[in-house]
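**Student:** This one is protein-v3.pdb, PDB, C-alpha atoms.
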ATOM      1  CA  MET A   1       0.000   0.000   0.000
ATOM      2  CA  LYS A   2       1.316   3.402  -0.933
ATOM      3  CA  ILE A   3       0.297   6.726   0.599
ATOM      4  CA  ILE A   4       0.213   9.633  -1.846
ATOM      5  CA  THR A   5      -0.094  13.238  -0.693
ATOM      6  CA  THR A   6       0.276  15.275  -3.889
ATOM      7  CA  ILE A   7      -2.170  15.664  -6.759
ATOM      8  CA  GLU A   8       0.613  15.443  -9.319
ATOM      9  CA  GLU A   9       1.876  12.059  -8.125
ATOM     10  CA  MET A  10      -1.636  10.606  -7.808
ATOM     11  CA  GLN A  11      -2.520  11.757 -11.315
ATOM     12  CA  GLN A  12       0.697  10.331 -12.772
ATOM     13  CA  ILE A  13      -0.049   6.962 -11.168
ATOM     14  CA  ALA A  14      -3.636   6.994 -12.459
ATOM     15  CA  LEU A  15      -2.439   7.874 -15.979
ATOM     16  CA  GLN A  16       0.047   5.024 -15.939
ATOM     17  CA  LEU A  17      -2.642   2.591 -14.757
ATOM     18  CA  LYS A  18      -4.842   3.751 -17.640
ATOM     19  CA  ARG A  19      -2.014   3.161 -20.123
ATOM     20  CA  ASP A  20      -1.551  -0.309 -18.680
ATOM     21  CA  GLU A  21      -5.299  -0.853 -19.116
ATOM     22  CA  ARG A  22      -5.803  -1.696 -15.464
ATOM     23  CA  SER A  23      -9.234  -0.959 -14.028
ATOM     24  CA  ILE A  24      -9.415   1.478 -11.113
ATOM     25  CA  GLY A  25     -11.954   1.176  -8.299
ATOM     26  CA  TYR A  26     -12.174   4.296  -6.187
ATOM     27  CA  VAL A  27     -13.630   4.973  -2.729
ATOM     28  CA  PRO A  28     -13.772   8.660  -1.705
ATOM     29  CA  THR A  29     -13.950   9.102   2.092
ATOM     30  CA  MET A  30     -13.532  11.695   4.818
ATOM     31  CA  GLY A  31     -11.623   9.185   6.926
ATOM     32  CA  TYR A  32     -12.513   7.837  10.366
ATOM     33  CA  LEU A  33     -13.197   4.621   8.514
ATOM     34  CA  HIS A  34     -15.778   2.120   9.743
ATOM     35  CA  GLU A  35     -17.371  -1.083   8.443
ATOM     36  CA  GLY A  36     -19.497   0.872   5.995
ATOM     37  CA  HIS A  37     -16.343   2.126   4.289
ATOM     38  CA  GLN A  38     -14.803  -1.359   4.480
ATOM     39  CA  LYS A  39     -17.768  -2.775   2.595
ATOM     40  CA  LEU A  40     -17.098  -0.252  -0.199
ATOM     41  CA  MET A  41     -13.408  -1.202  -0.267
ATOM     42  CA  LYS A  42     -14.224  -4.908  -0.391
ATOM     43  CA  GLU A  43     -16.543  -4.349  -3.365
ATOM     44  CA  ALA A  44     -13.884  -2.243  -5.092
ATOM     45  CA  ARG A  45     -11.232  -4.889  -4.405
ATOM     46  CA  ALA A  46     -13.393  -7.680  -5.796
ATOM     47  CA  ASN A  47     -14.184  -5.912  -9.065
ATOM     48  CA  ASN A  48     -11.099  -3.908 -10.076
ATOM     49  CA  ASP A  49      -7.394  -4.409 -10.721
ATOM     50  CA  VAL A  50      -6.406  -1.466  -8.536
ATOM     51  CA  VAL A  51      -8.102   0.189  -5.549
ATOM     52  CA  ILE A  52      -7.619   3.844  -4.614
ATOM     53  CA  VAL A  53      -9.081   5.289  -1.411
ATOM     54  CA  SER A  54      -8.955   9.011  -0.727
ATOM     55  CA  ILE A  55      -9.111  10.484   2.758
ATOM     56  CA  PHE A  56      -9.938  14.163   2.769
ATOM     57  CA  VAL A  57     -12.170  16.119   5.138
ATOM     58  CA  ASN A  58     -13.557  18.593   2.635
ATOM     59  CA  PRO A  59     -14.085  22.027   4.216
ATOM     60  CA  LEU A  60     -16.331  23.153   1.351
ATOM     61  CA  GLN A  61     -19.155  20.824   2.358
ATOM     62  CA  PHE A  62     -19.397  22.021   5.963
ATOM     63  CA  GLY A  63     -21.701  24.961   6.676
ATOM     64  CA  PRO A  64     -20.626  27.939   8.814
ATOM     65  CA  ASN A  65     -22.030  26.430  12.038
ATOM     66  CA  GLU A  66     -21.230  22.795  11.279
ATOM     67  CA  ASP A  67     -18.769  20.446  12.906
ATOM     68  CA  LEU A  68     -15.706  20.708  10.618
ATOM     69  CA  ASP A  69     -13.245  21.069  13.502
ATOM     70  CA  ARG A  70     -15.061  18.460  15.528
ATOM     71  CA  TYR A  71     -15.278  15.971  12.683
ATOM     72  CA  PRO A  72     -13.592  12.811  14.034
ATOM     73  CA  ARG A  73     -10.147  11.973  12.638
ATOM     74  CA  ASP A  74      -7.870   8.993  13.278
ATOM     75  CA  GLU A  75      -5.070   8.575  10.750
ATOM     76  CA  GLU A  76      -3.424   5.569  12.371
ATOM     77  CA  HIS A  77      -6.702   3.679  12.445
ATOM     78  CA  ASP A  78      -7.507   4.644   8.826
ATOM     79  CA  ARG A  79      -4.113   3.431   7.698
ATOM     80  CA  ALA A  80      -4.652   0.084   9.409
ATOM     81  CA  VAL A  81      -8.092  -0.327   7.826
ATOM     82  CA  THR A  82      -6.898   0.460   4.295
ATOM     83  CA  GLN A  83      -3.975  -1.925   4.770
ATOM     84  CA  GLN A  84      -6.322  -4.660   5.966
ATOM     85  CA  GLU A  85      -8.593  -4.190   2.939
ATOM     86  CA  LYS A  86      -5.602  -4.484   0.580
ATOM     87  CA  VAL A  87      -5.977  -0.987  -0.829
ATOM     88  CA  ASP A  88      -3.245  -0.155  -3.364
ATOM     89  CA  TYR A  89      -3.114   3.632  -3.005
ATOM     90  CA  VAL A  90      -4.347   5.975  -0.304
ATOM     91  CA  PHE A  91      -4.630   9.556  -1.512
ATOM     92  CA  PHE A  92      -4.230  11.789   1.538
ATOM     93  CA  PRO A  93      -3.986  15.425   0.394
ATOM     94  CA  SER A  94      -3.915  18.505   2.611
ATOM     95  CA  VAL A  95      -6.469  21.296   2.281
ATOM     96  CA  GLU A  96      -3.722  23.498   0.762
ATOM     97  CA  GLU A  97      -2.960  20.819  -1.803
ATOM     98  CA  MET A  98      -6.611  20.490  -2.855
ATOM     99  CA  TYR A  99      -7.493  24.190  -2.715
ATOM    100  CA  PRO A 100      -4.329  26.247  -3.307
ATOM    101  CA  GLU A 101      -6.286  29.284  -4.495
ATOM    102  CA  SER A 102      -9.823  30.594  -4.512
ATOM    103  CA  HIS A 103     -12.109  29.177  -7.179
ATOM    104  CA  ALA A 104     -12.643  31.282 -10.278
ATOM    105  CA  ILE A 105     -15.336  28.805 -11.343
ATOM    106  CA  GLN A 106     -17.948  27.447  -8.996
ATOM    107  CA  LEU A 107     -20.177  24.403  -9.321
ATOM    108  CA  ARG A 108     -23.743  24.716  -8.102
ATOM    109  CA  VAL A 109     -26.268  21.947  -7.644
ATOM    110  CA  VAL A 110     -29.713  23.142  -8.759
ATOM    111  CA  GLU A 111     -31.736  19.921  -8.603
ATOM    112  CA  ARG A 112     -31.916  17.032  -6.141
ATOM    113  CA  SER A 113     -30.254  19.246  -3.519
ATOM    114  CA  ASN A 114     -32.924  21.400  -1.864
ATOM    115  CA  VAL A 115     -34.693  18.494  -0.141
ATOM    116  CA  LEU A 116     -33.747  16.092   2.662
ATOM    117  CA  CYS A 117     -30.377  17.096   4.205
ATOM    118  CA  GLY A 118     -29.703  19.647   1.491
ATOM    119  CA  LYS A 119     -32.588  21.773   2.694
ATOM    120  CA  SER A 120     -30.945  22.665   5.985
ATOM    121  CA  ARG A 121     -27.383  22.488   4.692
ATOM    122  CA  GLU A 122     -27.176  25.193   2.076
ATOM    123  CA  GLY A 123     -24.136  24.886  -0.163
ATOM    124  CA  HIS A 124     -23.302  21.427   1.188
ATOM    125  CA  PHE A 125     -23.767  19.612  -2.112
ATOM    126  CA  ASP A 126     -21.977  22.375  -4.030
ATOM    127  CA  GLY A 127     -18.992  21.463  -1.852
ATOM    128  CA  VAL A 128     -19.496  17.750  -2.518
ATOM    129  CA  VAL A 129     -19.620  18.055  -6.330
ATOM    130  CA  THR A 130     -16.660  20.453  -6.323
ATOM    131  CA  VAL A 131     -14.381  18.108  -4.423
ATOM    132  CA  LEU A 132     -15.562  15.036  -6.344
ATOM    133  CA  THR A 133     -14.991  16.700  -9.704
ATOM    134  CA  LYS A 134     -11.404  17.329  -8.630
ATOM    135  CA  LEU A 135     -10.982  13.845  -7.146
ATOM    136  CA  PHE A 136     -12.428  12.123 -10.237
ATOM    137  CA  HIS A 137      -9.916  13.977 -12.433
ATOM    138  CA  ILE A 138      -7.078  13.107 -10.074
ATOM    139  CA  THR A 139      -7.829   9.385  -9.620
ATOM    140  CA  MET A 140      -9.429   8.661 -13.044
ATOM    141  CA  PRO A 141     -11.530   5.757 -11.773
ATOM    142  CA  ASP A 142     -13.569   3.279 -13.803
ATOM    143  CA  ARG A 143     -15.881   2.634 -10.879
ATOM    144  CA  VAL A 144     -16.634   4.738  -7.824
ATOM    145  CA  TYR A 145     -18.214   3.242  -4.704
ATOM    146  CA  PHE A 146     -20.690   5.102  -2.509
ATOM    147  CA  GLY A 147     -22.724   3.998   0.487
ATOM    148  CA  LEU A 148     -26.480   4.432   0.179
ATOM    149  CA  LYS A 149     -26.730   5.677   3.742
ATOM    150  CA  ASP A 150     -26.242   9.079   2.186
ATOM    151  CA  ALA A 151     -28.615   8.357  -0.694
ATOM    152  CA  GLN A 152     -29.072  12.021  -1.513
ATOM    153  CA  GLN A 153     -25.345  12.325  -2.100
ATOM    154  CA  VAL A 154     -25.507   9.315  -4.431
ATOM    155  CA  ALA A 155     -28.373  10.968  -6.346
ATOM    156  CA  VAL A 156     -26.479  14.259  -6.667
ATOM    157  CA  VAL A 157     -23.262  12.526  -7.800
ATOM    158  CA  ASP A 158     -25.314  10.477 -10.277
ATOM    159  CA  ALA A 159     -26.494  13.778 -11.788
ATOM    160  CA  LEU A 160     -22.936  15.183 -11.832
ATOM    161  CA  VAL A 161     -21.590  12.142 -13.678
ATOM    162  CA  LYS A 162     -24.443  12.048 -16.208
ATOM    163  CA  ASN A 163     -24.668  15.808 -16.811
ATOM    164  CA  TYR A 164     -20.927  16.195 -17.313
ATOM    165  CA  ASN A 165     -20.136  12.876 -19.000
ATOM    166  CA  PHE A 166     -17.570  11.590 -16.535
ATOM    167  CA  PRO A 167     -16.299   8.286 -17.967
ATOM    168  CA  LEU A 168     -17.009   6.297 -14.837
ATOM    169  CA  GLU A 169     -19.665   4.152 -13.241
ATOM    170  CA  ILE A 170     -21.202   4.826  -9.847
ATOM    171  CA  ILE A 171     -21.717   1.714  -7.750
ATOM    172  CA  PRO A 172     -24.162   2.305  -4.866
ATOM    173  CA  ILE A 173     -23.698  -0.072  -1.934
ATOM    174  CA  PRO A 174     -26.474  -0.830   0.602
ATOM    175  CA  THR A 175     -26.156   0.691   4.074
ATOM    176  CA  VAL A 176     -24.160  -1.367   6.558
ATOM    177  CA  ARG A 177     -26.044  -1.727   9.828
ATOM    178  CA  GLU A 178     -25.428  -2.724  13.426
ATOM    179  CA  GLU A 179     -27.135  -5.878  14.743
ATOM    180  CA  ASP A 180     -30.155  -3.855  15.837
ATOM    181  CA  GLY A 181     -30.522  -2.036  12.523
ATOM    182  CA  LEU A 182     -28.808   1.270  13.305
ATOM    183  CA  ALA A 183     -26.913   2.542  10.258
ATOM    184  CA  LYS A 184     -23.141   2.558  10.812
ATOM    185  CA  SER A 185     -21.810   6.096  11.015
ATOM    186  CA  SER A 186     -18.752   7.968  12.256
ATOM    187  CA  ARG A 187     -21.155  10.115  14.264
ATOM    188  CA  ASN A 188     -22.563   7.237  16.333
ATOM    189  CA  VAL A 189     -19.664   7.700  18.768
ATOM    190  CA  TYR A 190     -21.384  10.893  19.979
ATOM    191  CA  LEU A 191     -24.483   9.071  21.268
ATOM    192  CA  SER A 192     -25.022   8.534  24.992
ATOM    193  CA  VAL A 193     -25.923   5.005  26.142
ATOM    194  CA  GLU A 194     -29.653   5.859  26.286
ATOM    195  CA  GLU A 195     -29.532   7.564  22.895
ATOM    196  CA  ARG A 196     -27.691   4.634  21.352
ATOM    197  CA  ASN A 197     -30.444   2.363  22.584
ATOM    198  CA  GLU A 198     -33.153   4.619  21.126
ATOM    199  CA  ALA A 199     -31.329   5.163  17.828
ATOM    200  CA  LYS A 200     -32.265   1.677  16.612
ATOM    201  CA  TYR A 201     -35.873   2.837  16.333
ATOM    202  CA  ILE A 202     -35.019   5.154  13.439
ATOM    203  CA  TYR A 203     -34.530   2.195  11.122
ATOM    204  CA  GLN A 204     -37.565   0.446  12.598
ATOM    205  CA  ALA A 205     -39.665   3.547  11.922
ATOM    206  CA  LEU A 206     -38.634   3.522   8.252
ATOM    207  CA  GLU A 207     -39.451  -0.198   8.087
ATOM    208  CA  GLU A 208     -42.912   0.536   9.514
ATOM    209  CA  GLY A 209     -43.420   3.072   6.727
ATOM    210  CA  ARG A 210     -42.261   0.620   4.072
ATOM    211  CA  GLN A 211     -44.539  -2.055   5.504
ATOM    212  CA  LEU A 212     -47.531   0.216   4.883
ATOM    213  CA  VAL A 213     -46.576   0.286   1.188
ATOM    214  CA  VAL A 214     -46.155  -3.502   1.150
ATOM    215  CA  ASN A 215     -49.696  -3.663   2.526
ATOM    216  CA  GLY A 216     -51.038  -1.457  -0.250
ATOM    217  CA  GLU A 217     -50.856   2.058   1.210
ATOM    218  CA  THR A 218     -49.836   4.644  -1.409
ATOM    219  CA  SER A 219     -50.548   7.947   0.363
ATOM    220  CA  LYS A 220     -47.341   9.840   1.081
ATOM    221  CA  ASP A 221     -48.930  11.721   3.998
ATOM    222  CA  LYS A 222     -50.060   8.537   5.770
ATOM    223  CA  ILE A 223     -46.670   6.875   5.372
ATOM    224  CA  VAL A 224     -44.748   9.936   6.603
ATOM    225  CA  GLU A 225     -47.151  10.405   9.506
ATOM    226  CA  LYS A 226     -46.594   6.798  10.625
ATOM    227  CA  VAL A 227     -42.796   7.223  10.613
ATOM    228  CA  ILE A 228     -42.947  10.513  12.568
ATOM    229  CA  GLN A 229     -45.292   9.030  15.131
ATOM    230  CA  PHE A 230     -43.055   5.977  15.611
ATOM    231  CA  ILE A 231     -39.881   8.045  16.097
ATOM    232  CA  ASN A 232     -41.611  10.442  18.498
ATOM    233  CA  GLU A 233     -43.036   7.595  20.576
ATOM    234  CA  LYS A 234     -39.834   5.573  20.807
ATOM    235  CA  THR A 235     -37.085   8.192  21.076
ATOM    236  CA  ARG A 236     -36.291  11.558  22.611
ATOM    237  CA  GLY A 237     -34.641  12.569  19.356
ATOM    238  CA  LYS A 238     -35.867  15.695  17.607
ATOM    239  CA  ILE A 239     -36.954  15.043  14.020
ATOM    240  CA  ASP A 240     -35.278  17.253  11.412
ATOM    241  CA  TYR A 241     -37.357  15.781   8.587
ATOM    242  CA  VAL A 242     -39.141  12.697   7.313
ATOM    243  CA  GLU A 243     -39.593  12.790   3.545
ATOM    244  CA  LEU A 244     -40.847  10.483   0.823
ATOM    245  CA  LEU A 245     -39.609  11.365  -2.688
ATOM    246  CA  THR A 246     -38.949   9.741  -6.066
ATOM    247  CA  TYR A 247     -35.461   8.245  -6.420
ATOM    248  CA  PRO A 248     -32.965   9.274  -7.751
ATOM    249  CA  ASN A 249     -34.686  12.440  -9.038
ATOM    250  CA  LEU A 250     -35.874  13.385  -5.532
ATOM    251  CA  LYS A 251     -39.134  14.911  -6.735
ATOM    252  CA  PRO A 252     -42.113  15.380  -4.412
ATOM    253  CA  ILE A 253     -45.090  13.011  -4.768
ATOM    254  CA  ASP A 254     -48.533  12.516  -3.227
ATOM    255  CA  GLN A 255     -48.842   8.841  -4.080
ATOM    256  CA  VAL A 256     -46.253   6.073  -4.314
ATOM    257  CA  SER A 257     -46.238   4.873  -7.929
ATOM    258  CA  GLU A 258     -42.530   4.399  -8.721
ATOM    259  CA  ARG A 259     -39.210   3.892  -6.941
ATOM    260  CA  VAL A 260     -39.036   6.119  -3.875
ATOM    261  CA  ILE A 261     -36.788   6.995  -0.972
ATOM    262  CA  LEU A 262     -38.191   7.225   2.537
ATOM    263  CA  ALA A 263     -35.625   9.191   4.506
ATOM    264  CA  THR A 264     -35.221  10.825   7.875
ATOM    265  CA  ALA A 265     -32.776  12.838   9.943
ATOM    266  CA  VAL A 266     -33.042  12.925  13.726
ATOM    267  CA  TYR A 267     -31.163  15.154  16.151
ATOM    268  CA  PHE A 268     -29.858  13.716  19.394
ATOM    269  CA  GLU A 269     -27.896  15.742  21.940
ATOM    270  CA  LYS A 270     -24.555  15.651  20.091
ATOM    271  CA  ALA A 271     -25.307  13.886  16.820
ATOM    272  CA  ARG A 272     -27.620  14.164  13.859
ATOM    273  CA  LEU A 273     -28.369  10.732  12.437
ATOM    274  CA  ILE A 274     -29.633  10.083   8.928
ATOM    275  CA  ASP A 275     -31.118   6.938   7.454
ATOM    276  CA  ASN A 276     -33.271   5.874   4.537
ATOM    277  CA  LEU A 277     -34.859   3.014   2.678
ATOM    278  CA  ILE A 278     -35.225   2.920  -1.105
ATOM    279  CA  PHE A 279     -38.041   0.747  -2.454
ATOM    280  CA  ASP A 280     -40.416   0.322  -5.382
ATOM    281  CA  GLU A 281     -44.171   0.934  -5.548
ATOM    282  CA  ASN A 282     -44.772  -2.511  -3.976
ATOM    283  CA  GLY A 283     -42.500  -1.785  -1.036
ATOM    284  CA  GLU A 284     -39.745  -4.078  -2.324
ATOM    285  CA  LEU A 285     -36.253  -2.849  -1.412
ATOM    286  CA  THR A 286     -34.375  -2.067  -4.627
ATOM    287  CA  PHE A 287     -30.754  -2.032  -3.462
ATOM    288  CA  HIS A 288     -29.766  -5.037  -1.442
ATOM    289  CA  HIS A 289     -27.460  -7.996  -1.787
TER     290      HIS A 289
END
Output the file's structure in the form of structure tokens.
**Tutor:**
Amino acid sequence: MKIITTIEEMQQIALQLKRDERSIGYVPTMGYLHEGHQKLMKEARANNDVVIVSIFVNPLQFGPNEDLDRYPRDEEHDRAVTQQEKVDYVFFPSVEEMYPESHAIQLRVVERSNVLCGKSREGHFDGVVTVLTKLFHITMPDRVYFGLKDAQQVAVVDALVKNYNFPLEIIPIPTVREEDGLAKSSRNVYLSVEERNEAKYIYQALEEGRQLVVNGETSKDKIVEKVIQFINEKTRGKIDYVELLTYPNLKPIDQVSERVILATAVYFEKARLIDNLIFDENGELTFHH
């Protein structure tokens, strides 16, 4: 495993791999790697000649009052994880390396971004597509692996790749969960013991909503109401949103008649947890192994 810190060296390596016709699987991360990330690396390892993982906490996607400085970091641990997953190259640039000067050209996301998490995090997805555009040019991947826990991000990146003809394929990977259903997340470390126990009900609430669709319910309002009620009854978390939208276009609907995402974000004392389920009009989950 080789650690690369400069854009120039990473790009040279990627170019050489292209010349040698070796396929590149790429996993972009912000570090503090957990089993969710490992699942992405395993998939990349299984389906490509070479695996590149980037670790970069991107300041552009944090809002003015968000937890950039508090975002958990653990380089030693990340190094051990990437080694264990037989990653070939870890791209570990500094902020100065990635953003040496102010941007004369800015990318703005105008669809798929003003719902779900994007609604309360203005500019967040502009920061995501900016850094990914740079990273895609630097690593030149054939396939890029994303976790569906952040399904909105996957939808936005899907639009970026299609709108701007990036020669790569996005591979969405189902959310990795704890035994009790809680989605794995770097932010789970901030939960108190009581909160951790209650957090499992977020997934259960989404399952209750999906079950309604399985049983023939198509009304968005009834499904959303059920999820809100369940979370409020079972947890002391404060609901940021519960939304039901088409997927991946993230358009509002009144009735379920195509593939949808049922998603929620819940605030606990020191952590905001997100989760979602993506299913068709019959309530069948559409991304699962």
**Student:** Write out as a ChimeraX atom specification which residues come within 8 Å of Ala265 of chain A when counting all atoms listed in the file, dropping same-chain ones fewer than 4 positions away.
**Tutor:** /A:117,239-242,272-275
**Student:** For the PyMOL selection byres ((chain A and resi 8-16) around 10), applied here, can you spell out every residue it catches as JSON, numbers by chain?
**Tutor:** {"A": [3, 4, 5, 6, 7, 17, 18, 19, 20, 21, 22, 23, 24, 50, 52, 89, 90, 91, 92, 93, 97, 135, 136, 137, 138, 139, 140, 141]}
**Student:** Just write the chosen residues, C-alpha atoms, as a CSV table (one decimal), in the frame of the given file.
**Tutor:**
chain,number,residue,atom,x,y,z
A,3,ILE,CA,0.3,6.7,0.6
A,4,ILE,CA,0.2,9.6,-1.8
A,5,THR,CA,-0.1,13.2,-0.7
A,6,THR,CA,0.3,15.3,-3.9
A,7,ILE,CA,-2.2,15.7,-6.8
A,17,LEU,CA,-2.6,2.6,-14.8
A,18,LYS,CA,-4.8,3.8,-17.6
A,19,ARG,CA,-2.0,3.2,-20.1
A,20,ASP,CA,-1.6,-0.3,-18.7
A,21,GLU,CA,-5.3,-0.9,-19.1
A,22,ARG,CA,-5.8,-1.7,-15.5
A,23,SER,CA,-9.2,-1.0,-14.0
A,24,ILE,CA,-9.4,1.5,-11.1
A,50,VAL,CA,-6.4,-1.5,-8.5
A,52,ILE,CA,-7.6,3.8,-4.6
A,89,TYR,CA,-3.1,3.6,-3.0
A,90,VAL,CA,-4.3,6.0,-0.3
A,91,PHE,CA,-4.6,9.6,-1.5
A,92,PHE,CA,-4.2,11.8,1.5
A,93,PRO,CA,-4.0,15.4,0.4
A,97,GLU,CA,-3.0,20.8,-1.8
A,135,LEU,CA,-11.0,13.8,-7.1
A,136,PHE,CA,-12.4,12.1,-10.2
A,137,HIS,CA,-9.9,14.0,-12.4
A,138,ILE,CA,-7.1,13.1,-10.1
A,139,THR,CA,-7.8,9.4,-9.6
A,140,MET,CA,-9.4,8.7,-13.0
A,141,PRO,CA,-11.5,5.8,-11.8
**Student:** Quick one: everything within 12 Å of Phe166 of chain A, counting all atoms listed in the file, minus sequence neighbours fewer than 4 positions away in the same chain. Send it as a list in words.
**Tutor:**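 Non-adjacent residues within range: Leu132, Thr133, Lys134, Leu135, Phe136, His137, Met140, Pro141, Asp142, Arg143, Val144, Val157, Asp158, Ala159, Leu160, Val161, Lys162 and Ile170 of chain A.
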**Student:** Give me the result of the PyMOL selection byres ((chain A and resi 225) around 12) on this file, residue by residue, as a list in words.
**Tutor:**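 Answer for the PyMOL selection byres ((chain A and resi 225) around 12): Ala205, Leu206, Glu208, Gly209, Leu212, Ser219, Lys220, Asp221, Lys222, Ile223, Val224, Lys226, Val227, Ile228, Gln229, Phe230, Ile231, Asn232, Tyr241, Val242, Glu243, Leu244 and Leu262 of chain A.
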**Student:** Mind giving me the straight-line distance from atom CA of Arg79 of chain A to atom CA of Glu43 of chain A in Å, one decimal?
**Tutor:**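 Atom-to-atom, atom CA of Arg79 of chain A and atom CA of Glu43 of chain A are spaced 18.4 Å apart.
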**Student:** Can you measure atom CA of Leu60 of chain A to atom CA of Met30 of chain A for me? One decimal in Å is fine.
**Tutor:**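 Rounded to one decimal, the two atoms are 12.3 Å apart.
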**Student:** Can you turn the PyMOL selection byres ((chain A and resi 277) around 10) into a concrete residue list for this file, as a short mmCIF file (atom, residue, chain, number, x, y, z; two decimals) with C-alpha atoms, keeping the file's coordinate frame?
**Tutor:**
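And here's part-v1.cif as it stands now:
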data_model
loop_
_atom_site.label_atom_id
_atom_site.label_comp_id
_atom_site.auth_asym_id
_atom_site.auth_seq_id
_atom_site.Cartn_x
_atom_site.Cartn_y
_atom_site.Cartn_z
CA LEU A 148 -26.48 4.43 0.18
CA LYS A 149 -26.73 5.68 3.74
CA ALA A 151 -28.62 8.36 -0.69
CA PRO A 174 -26.47 -0.83 0.60
CA THR A 175 -26.16 0.69 4.07
CA TYR A 203 -34.53 2.19 11.12
CA LEU A 206 -38.63 3.52 8.25
CA GLU A 207 -39.45 -0.20 8.09
CA GLY A 209 -43.42 3.07 6.73
CA ARG A 210 -42.26 0.62 4.07
CA LEU A 244 -40.85 10.48 0.82
CA VAL A 260 -39.04 6.12 -3.88
CA ILE A 261 -36.79 7.00 -0.97
CA LEU A 262 -38.19 7.22 2.54
CA ALA A 263 -35.62 9.19 4.51
CA THR A 264 -35.22 10.82 7.88
CA ASP A 275 -31.12 6.94 7.45
CA ASN A 276 -33.27 5.87 4.54
CA ILE A 278 -35.22 2.92 -1.10
CA PHE A 279 -38.04 0.75 -2.45
CA GLY A 283 -42.50 -1.78 -1.04
CA GLU A 284 -39.74 -4.08 -2.32
CA LEU A 285 -36.25 -2.85 -1.41
CA THR A 286 -34.38 -2.07 -4.63
CA PHE A 287 -30.75 -2.03 -3.46
#
**Student:** Give me, as a list in words, all polymer residues having an atom no more than 6 Å from Lys200 of chain A, counting only C-alpha atoms and skipping those fewer than 6 positions away in the same chain.
**Tutor:**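 Here the answer would be Asp180, Gly181 and Leu182 of chain A.
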**Student:** Can you pull out the residues contacting Arg196 of chain A? Cut-off 10 Å, using only C-alpha atoms, and skip same-chain residues under 6 positions away; I want them as a ChimeraX atom specification.
**Tutor:** /A:182,188-190,268
**Student:** When distances are computed from only C-alpha atoms, which of A:Gly25, A:Pro64, A:Ser185, A:Asn163 shows the smallest separation from Gly123 of chain A?
**Tutor:**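 For Gly123 of chain A, the nearest of the given residues is A:Pro64.
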**Student:** Work out how far atom CA of Pro28 of chain A is from atom CA of Ser54 of chain A, in Å to one decimal.
**Tutor:**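 About the pair atom CA of Ser54 of chain A and atom CA of Pro28 of chain A: they are 4.9 Å apart.
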**Student:** For Phe146 of chain A, which residue among A:Asn47, A:Tyr247, A:Ile171, A:Glu35 is the nearest when counting only C-alpha atoms?
**Tutor:** A:Ile171
**Student:** Nearest residue to Leu40 of chain A out of A:Val115, A:Ala104, A:Val87, A:Ala271, using all atoms listed in the file?
**Tutor:**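 The answer is A:Val87, which sits nearest to Leu40 of chain A.
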**Student:** Looking at only C-alpha atoms, which of A:Tyr145, A:Asn58, A:Asn215, A:Lys184 is the one that sits closest to Leu168 of chain A?
**Tutor:**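 For Leu168 of chain A, the nearest of the candidates is A:Tyr145.
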**Student:** Skipping near chain neighbours, those fewer than 4 positions away, what residues fall within 8 Å of Gly63 of chain A using all atoms listed in the file, listed as a list in words?
**Tutor:** Arg121, Glu122, Gly123 and His124 of chain A
**Student:** May I ask which of the residues A:Arg70, A:Lys86, A:Arg108, A:Arg187 is the closest one to Gln38 of chain A, counting all atoms listed in the file?
**Tutor:**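 Result for the nearest residue to Gln38 of chain A: A:Lys86.
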**Student:** Using all atoms listed in the file, what residues lie at most 6 Å away from (-28.4, 17.9, -3.9) (file coordinates), given as a list in words?
**Tutor:**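 With a cut-off of 6 Å, the residues come to Val109, Arg112, Ser113, Gly118, Phe125 and Val156 of chain A.
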**Student:** N, CA and C atoms are what I want for segment 132-141 of chain A; can you complete it accordingly and write them as a CSV table (one decimal), in the coordinates of the input?
**Tutor:**
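Resulting contents of part-v7.csv:
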chain,number,residue,atom,x,y,z
A,132,LEU,N,-15.5,16.3,-5.6
A,132,LEU,CA,-15.6,15.0,-6.3
A,132,LEU,C,-15.1,15.3,-7.8
A,133,THR,N,-15.5,16.4,-8.3
A,133,THR,CA,-15.0,16.7,-9.7
A,133,THR,C,-13.5,16.7,-9.7
A,134,LYS,N,-12.9,17.3,-8.7
A,134,LYS,CA,-11.4,17.3,-8.6
A,134,LYS,C,-10.9,15.9,-8.4
A,135,LEU,N,-11.5,15.2,-7.5
A,135,LEU,CA,-11.0,13.8,-7.1
A,135,LEU,C,-11.1,12.9,-8.3
A,136,PHE,N,-12.2,13.0,-9.1
A,136,PHE,CA,-12.4,12.1,-10.2
A,136,PHE,C,-11.3,12.4,-11.3
A,137,HIS,N,-11.0,13.7,-11.5
A,137,HIS,CA,-9.9,14.0,-12.4
A,137,HIS,C,-8.5,13.5,-11.9
A,138,ILE,N,-8.4,13.5,-10.6
A,138,ILE,CA,-7.1,13.1,-10.1
A,138,ILE,C,-6.9,11.6,-10.1
A,139,THR,N,-8.0,10.9,-9.8
A,139,THR,CA,-7.8,9.4,-9.6
A,139,THR,C,-8.3,8.6,-10.9
A,140,MET,N,-9.0,9.3,-11.8
A,140,MET,CA,-9.4,8.7,-13.0
A,140,MET,C,-10.0,7.3,-12.9
A,141,PRO,N,-11.0,7.1,-12.0
A,141,PRO,CA,-11.5,5.8,-11.8
A,141,PRO,C,-12.5,5.2,-12.9
